[in-house]
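Quick look at final_38.pdb (PDB, C-alpha atoms):
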```pdb
ATOM      1  CA  GLN A 752     -89.296 181.973-101.949
ATOM      2  CA  VAL A 753     -89.406 181.776 -98.157
ATOM      3  CA  HIS A 754     -88.640 184.763 -95.974
ATOM      4  CA  LEU A 755     -87.723 184.132 -92.341
ATOM      5  CA  VAL A 756     -87.738 186.620 -89.500
ATOM      6  CA  GLU A 757     -86.338 185.745 -86.079
ATOM      7  CA  SER A 758     -87.123 187.486 -82.824
ATOM      8  CA  GLY A 759     -86.549 187.049 -79.112
ATOM      9  CA  GLY A 760     -82.796 187.287 -78.705
ATOM     10  CA  GLY A 761     -81.137 189.435 -76.090
ATOM     11  CA  LEU A 762     -78.946 189.578 -73.025
ATOM     12  CA  VAL A 763     -79.656 187.333 -70.053
ATOM     13  CA  GLN A 764     -77.792 186.186 -66.968
ATOM     14  CA  ALA A 765     -76.652 182.604 -66.598
ATOM     15  CA  GLY A 766     -79.509 180.443 -65.418
ATOM     16  CA  GLY A 767     -82.076 182.627 -67.138
ATOM     17  CA  SER A 768     -84.433 181.922 -70.010
ATOM     18  CA  LEU A 769     -85.170 183.266 -73.462
ATOM     19  CA  ARG A 770     -87.648 182.292 -76.128
ATOM     20  CA  LEU A 771     -86.760 182.626 -79.793
ATOM     21  CA  SER A 772     -89.382 182.716 -82.497
ATOM     22  CA  CYS A 773     -89.151 182.506 -86.259
ATOM     23  CA  ALA A 774     -91.943 183.308 -88.673
ATOM     24  CA  ALA A 775     -91.945 182.157 -92.272
ATOM     25  CA  SER A 776     -93.692 184.094 -94.986
ATOM     26  CA  GLY A 777     -94.150 183.689 -98.707
ATOM     27  CA  THR A 778     -96.083 181.286-100.867
ATOM     28  CA  ILE A 779     -95.702 178.272 -98.598
ATOM     29  CA  PHE A 780     -97.767 175.121 -98.608
ATOM     30  CA  TRP A 781     -95.842 172.677 -96.439
ATOM     31  CA  ILE A 782     -92.531 173.086 -94.662
ATOM     32  CA  GLN A 783     -90.567 169.877 -94.321
ATOM     33  CA  ALA A 784     -88.285 170.761 -91.420
ATOM     34  CA  MET A 785     -87.712 173.777 -89.233
ATOM     35  CA  GLY A 786     -84.827 174.336 -86.910
ATOM     36  CA  TRP A 787     -82.365 176.511 -85.113
ATOM     37  CA  TYR A 788     -78.637 176.760 -85.614
ATOM     38  CA  ARG A 789     -76.109 178.911 -83.820
ATOM     39  CA  GLN A 790     -72.693 180.322 -84.485
ATOM     40  CA  ALA A 791     -70.385 181.563 -81.772
ATOM     41  CA  PRO A 792     -67.409 183.809 -82.569
ATOM     42  CA  GLY A 793     -64.607 181.819 -84.123
ATOM     43  CA  LYS A 794     -66.678 178.663 -84.373
ATOM     44  CA  GLN A 795     -68.611 176.900 -87.095
ATOM     45  CA  ARG A 796     -72.358 177.098 -87.301
ATOM     46  CA  GLU A 797     -73.933 174.145 -85.511
ATOM     47  CA  LEU A 798     -77.347 172.597 -85.194
ATOM     48  CA  VAL A 799     -79.132 173.412 -81.945
ATOM     49  CA  ALA A 800     -82.493 171.763 -82.544
ATOM     50  CA  ASP A 801     -84.586 170.601 -85.464
ATOM     51  CA  ILE A 802     -88.220 169.547 -85.780
ATOM     52  CA  GLY A 803     -89.933 167.712 -88.589
ATOM     53  CA  SER A 804     -93.406 168.285 -89.939
ATOM     54  CA  GLY A 805     -94.759 165.532 -87.700
ATOM     55  CA  GLY A 806     -93.260 167.036 -84.562
ATOM     56  CA  GLU A 807     -90.248 164.763 -84.264
ATOM     57  CA  ALA A 808     -87.444 166.751 -82.647
ATOM     58  CA  LYS A 809     -83.727 166.329 -82.256
ATOM     59  CA  TYR A 810     -81.309 168.305 -80.135
ATOM     60  CA  GLU A 811     -77.619 168.982 -79.899
ATOM     61  CA  ASP A 812     -76.279 167.143 -76.850
ATOM     62  CA  SER A 813     -75.356 170.211 -74.823
ATOM     63  CA  VAL A 814     -78.876 171.691 -75.004
ATOM     64  CA  ARG A 815     -80.955 168.551 -74.549
ATOM     65  CA  GLY A 816     -83.080 168.893 -71.435
ATOM     66  CA  ARG A 817     -82.653 172.681 -71.358
ATOM     67  CA  PHE A 818     -84.045 173.760 -74.739
ATOM     68  CA  THR A 819     -87.377 172.849 -76.291
ATOM     69  CA  ILE A 820     -88.263 173.331 -79.938
ATOM     70  CA  SER A 821     -91.829 173.599 -81.174
ATOM     71  CA  ARG A 822     -93.586 174.528 -84.384
ATOM     72  CA  ASP A 823     -96.990 175.718 -85.450
ATOM     73  CA  ASN A 824     -97.700 174.482 -88.951
ATOM     74  CA  ALA A 825    -100.752 176.674 -89.411
ATOM     75  CA  GLU A 826     -98.896 179.830 -88.401
ATOM     76  CA  LYS A 827     -95.644 178.715 -90.076
ATOM     77  CA  THR A 828     -93.613 179.466 -86.986
ATOM     78  CA  VAL A 829     -90.926 177.670 -85.054
ATOM     79  CA  SER A 830     -89.913 178.539 -81.512
ATOM     80  CA  LEU A 831     -87.048 177.649 -79.228
ATOM     81  CA  GLN A 832     -87.584 177.862 -75.487
ATOM     82  CA  MET A 833     -84.179 178.136 -73.854
ATOM     83  CA  ASN A 834     -83.924 177.540 -70.108
ATOM     84  CA  SER A 835     -80.961 177.301 -67.754
ATOM     85  CA  LEU A 836     -78.872 179.314 -70.165
ATOM     86  CA  GLU A 837     -75.109 179.138 -69.866
ATOM     87  CA  PRO A 838     -72.396 181.522 -71.088
ATOM     88  CA  GLU A 839     -71.456 178.820 -73.622
ATOM     89  CA  ASP A 840     -74.845 179.347 -75.269
ATOM     90  CA  THR A 841     -73.781 182.820 -76.381
ATOM     91  CA  ALA A 842     -74.037 182.974 -80.162
ATOM     92  CA  VAL A 843     -76.003 184.262 -83.091
ATOM     93  CA  TYR A 844     -79.002 181.986 -83.519
ATOM     94  CA  TYR A 845     -80.340 181.330 -87.002
ATOM     95  CA  CYS A 846     -83.653 179.922 -88.074
ATOM     96  CA  ARG A 847     -83.533 177.446 -90.960
ATOM     97  CA  VAL A 848     -86.318 175.757 -92.872
ATOM     98  CA  ILE A 849     -86.369 173.103 -95.557
ATOM     99  CA  TYR A 850     -89.019 173.769 -98.178
ATOM    100  CA  THR A 851     -89.281 171.971-101.493
ATOM    101  CA  ASN A 852     -85.918 170.405-100.646
ATOM    102  CA  ARG A 853     -84.238 173.812-100.442
ATOM    103  CA  GLU A 854     -82.712 175.541 -97.445
ATOM    104  CA  PHE A 855     -83.782 178.990 -96.330
ATOM    105  CA  TRP A 856     -82.105 180.959 -93.549
ATOM    106  CA  GLY A 857     -83.024 183.895 -91.383
ATOM    107  CA  ARG A 858     -80.613 186.717 -90.682
ATOM    108  CA  GLY A 859     -79.999 185.637 -87.112
ATOM    109  CA  THR A 860     -80.627 186.971 -83.632
ATOM    110  CA  GLN A 861     -77.969 187.532 -80.979
ATOM    111  CA  VAL A 862     -78.181 185.671 -77.687
ATOM    112  CA  THR A 863     -75.721 186.725 -75.004
ATOM    113  CA  VAL A 864     -75.519 184.966 -71.652
ATOM    114  CA  SER A 865     -73.513 186.693 -68.960
ATOM    115  CA  SER A 866     -71.854 184.820 -66.107
TER     116      SER A 866
END
```

Serialized structure, structure tokens:
Amino acid sequence: QVHLVESGGGLVQAGGSLRLSCAASGTIFWIQAMGWYRQAPGKQRELVADIGSGGEAKYEDSVRGRFTISRDNAEKTVSLQMNSLEPEDTAVYYCRVIYTNREFWGRGTQVTVSS
């Protein structure tokens, strides 16, 4: 079983920055993929960014160039540096990992960007 805890959400003005972090705990040997999803009110959950065990990253089009995902395999953490935030980035952000071909999700952290 993998337990995920997110941190770093909050309220920021448009143009500002936040850094989200997610720490995985449990009996973990190798995490296949780690990523961040978000869900805004009234919308479906969507992929924000994902990073494989080798560091290969992919981004949702609207965040590419503004957000950067990184992971630390030794510490079992994944982070999301979010710059140039826009009101449209307001959502609950969820950490997700793939381990032994199963999905595990964190409880989410709120990010609110004011205009």

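When all atoms listed in the file are used to measure the gap to Tyr788 of chain A, the shortest distance among A:Cys846, A:Ala808, A:Leu831, A:Val814 belongs to A:Cys846.
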
**Item:** A:Ser866, A:Ser813, A:Ser768, A:Thr860 ranked by distance to Leu755 of chain A, top pick (using only C-alpha atoms)
**Value:**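 Checking each of A:Ser866, A:Ser813, A:Ser768, A:Thr860 against Leu755 of chain A, counting only C-alpha atoms, the winner is A:Thr860.
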
**Non-local contacts of Thr819 of chain A (12 Å; all atoms listed in the file; under 2 positions in same chain excluded) as a VMD selection string** = chain A and resid 768 to 772 786 to 787 799 to 802 806 to 811 814 to 817 821 to 822 829 to 835

Box in all listed atoms of segment 805-819 of chain A, axis-aligned, with 5 Å more on each side; write out centre and edge lengths in Å to one decimal as AutoDock Vina command-line options.
```
--center_x -85.1 --center_y 169.3 --center_z -79.5 --size_x 29.4 --size_y 19.0 --size_z 26.3
```

**Request:** Starting from the displayed file, determine the output of the PyMOL selection byres ((chain A and resi 760) around 6) and express the residue list as a PyMOL selection string.
**Result:** chain A and resi 758-759+761+860-862

**Two-atom distance - atom CA of Arg796 of chain A, atom CA of Ala842 of chain A (Å)** =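 Computing it gives 9.4 Å between the two atoms.
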
**Prompt:** Mind pulling up the distance from atom CA of Lys827 of chain A to atom CA of Tyr845 of chain A?
**Reply:**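 Calculated distance between atom CA of Tyr845 of chain A and atom CA of Lys827 of chain A is 15.8 Å.
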
**Message:** Calculated over only C-alpha atoms, which of the candidates A:Ala825, A:Val843, A:Leu836, A:Val864 has the smallest distance to Phe780 of chain A?
**Reply:** A:Ala825

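For the pair atom CA of His754 of chain A and atom CA of Glu839 of chain A, the interatomic distance is 28.8 Å.
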
**Asked** Taking all atoms listed in the file into account, which of A:Val753, A:Ala774, A:Ile849, A:Tyr844 comes nearest Glu826 of chain A?
**Response** A:Ala774

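For the point (-75.2, 187.6, -67.2) in file coordinates, the residues within 10 Å, using all atoms listed in the file, are A:Leu762, A:Val763, A:Gln764, A:Ala765, A:Gly766, A:Gly767, A:Leu836, A:Glu837, A:Pro838, A:Thr863, A:Val864, A:Ser865, A:Ser866.
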
Since the input is missing atoms, can you rebuild N, CA, C and O atoms for segment 790-803 of chain A and write them as a PDB file, keeping the file's coordinate frame?
```
ATOM      1  N   GLN A 790     -74.102 180.146 -84.164  1.00  0.00           N
ATOM      2  CA  GLN A 790     -72.693 180.322 -84.485  1.00  0.00           C
ATOM      3  C   GLN A 790     -72.076 181.278 -83.485  1.00  0.00           C
ATOM      4  O   GLN A 790     -72.476 182.457 -83.404  1.00  0.00           O
ATOM      5  N   ALA A 791     -71.125 180.754 -82.727  1.00  0.00           N
ATOM      6  CA  ALA A 791     -70.385 181.563 -81.772  1.00  0.00           C
ATOM      7  C   ALA A 791     -69.149 182.128 -82.467  1.00  0.00           C
ATOM      8  O   ALA A 791     -68.685 181.576 -83.467  1.00  0.00           O
ATOM      9  N   PRO A 792     -68.593 183.206 -81.940  1.00  0.00           N
ATOM     10  CA  PRO A 792     -67.409 183.809 -82.569  1.00  0.00           C
ATOM     11  C   PRO A 792     -66.278 182.801 -82.701  1.00  0.00           C
ATOM     12  O   PRO A 792     -65.933 182.096 -81.738  1.00  0.00           O
ATOM     13  N   GLY A 793     -65.726 182.712 -83.885  1.00  0.00           N
ATOM     14  CA  GLY A 793     -64.607 181.819 -84.123  1.00  0.00           C
ATOM     15  C   GLY A 793     -64.963 180.358 -84.259  1.00  0.00           C
ATOM     16  O   GLY A 793     -64.077 179.511 -84.368  1.00  0.00           O
ATOM     17  N   LYS A 794     -66.247 180.067 -84.275  1.00  0.00           N
ATOM     18  CA  LYS A 794     -66.678 178.663 -84.373  1.00  0.00           C
ATOM     19  C   LYS A 794     -67.581 178.480 -85.593  1.00  0.00           C
ATOM     20  O   LYS A 794     -68.124 179.426 -86.131  1.00  0.00           O
ATOM     21  N   GLN A 795     -67.729 177.218 -85.982  1.00  0.00           N
ATOM     22  CA  GLN A 795     -68.611 176.900 -87.095  1.00  0.00           C
ATOM     23  C   GLN A 795     -70.065 176.931 -86.646  1.00  0.00           C
ATOM     24  O   GLN A 795     -70.369 176.719 -85.459  1.00  0.00           O
ATOM     25  N   ARG A 796     -70.941 177.155 -87.595  1.00  0.00           N
ATOM     26  CA  ARG A 796     -72.358 177.098 -87.301  1.00  0.00           C
ATOM     27  C   ARG A 796     -72.743 175.662 -86.974  1.00  0.00           C
ATOM     28  O   ARG A 796     -72.307 174.718 -87.654  1.00  0.00           O
ATOM     29  N   GLU A 797     -73.555 175.489 -85.934  1.00  0.00           N
ATOM     30  CA  GLU A 797     -73.933 174.145 -85.511  1.00  0.00           C
ATOM     31  C   GLU A 797     -75.432 174.052 -85.289  1.00  0.00           C
ATOM     32  O   GLU A 797     -76.095 175.043 -84.956  1.00  0.00           O
ATOM     33  N   LEU A 798     -75.934 172.851 -85.459  1.00  0.00           N
ATOM     34  CA  LEU A 798     -77.347 172.597 -85.194  1.00  0.00           C
ATOM     35  C   LEU A 798     -77.619 172.678 -83.700  1.00  0.00           C
ATOM     36  O   LEU A 798     -76.888 172.122 -82.889  1.00  0.00           O
ATOM     37  N   VAL A 799     -78.684 173.372 -83.337  1.00  0.00           N
ATOM     38  CA  VAL A 799     -79.132 173.412 -81.945  1.00  0.00           C
ATOM     39  C   VAL A 799     -80.300 172.448 -81.771  1.00  0.00           C
ATOM     40  O   VAL A 799     -80.301 171.587 -80.901  1.00  0.00           O
ATOM     41  N   ALA A 800     -81.308 172.623 -82.610  1.00  0.00           N
ATOM     42  CA  ALA A 800     -82.493 171.763 -82.544  1.00  0.00           C
ATOM     43  C   ALA A 800     -83.215 171.826 -83.874  1.00  0.00           C
ATOM     44  O   ALA A 800     -83.164 172.837 -84.575  1.00  0.00           O
ATOM     45  N   ASP A 801     -83.898 170.721 -84.194  1.00  0.00           N
ATOM     46  CA  ASP A 801     -84.586 170.601 -85.464  1.00  0.00           C
ATOM     47  C   ASP A 801     -85.897 169.866 -85.219  1.00  0.00           C
ATOM     48  O   ASP A 801     -85.955 168.985 -84.336  1.00  0.00           O
ATOM     49  N   ILE A 802     -86.933 170.217 -85.959  1.00  0.00           N
ATOM     50  CA  ILE A 802     -88.220 169.547 -85.780  1.00  0.00           C
ATOM     51  C   ILE A 802     -88.859 169.302 -87.140  1.00  0.00           C
ATOM     52  O   ILE A 802     -88.920 170.194 -87.991  1.00  0.00           O
ATOM     53  N   GLY A 803     -89.301 168.069 -87.338  1.00  0.00           N
ATOM     54  CA  GLY A 803     -89.933 167.712 -88.589  1.00  0.00           C
ATOM     55  C   GLY A 803     -91.396 168.100 -88.625  1.00  0.00           C
ATOM     56  O   GLY A 803     -91.970 168.574 -87.631  1.00  0.00           O
TER      57      GLY A 803
END
```
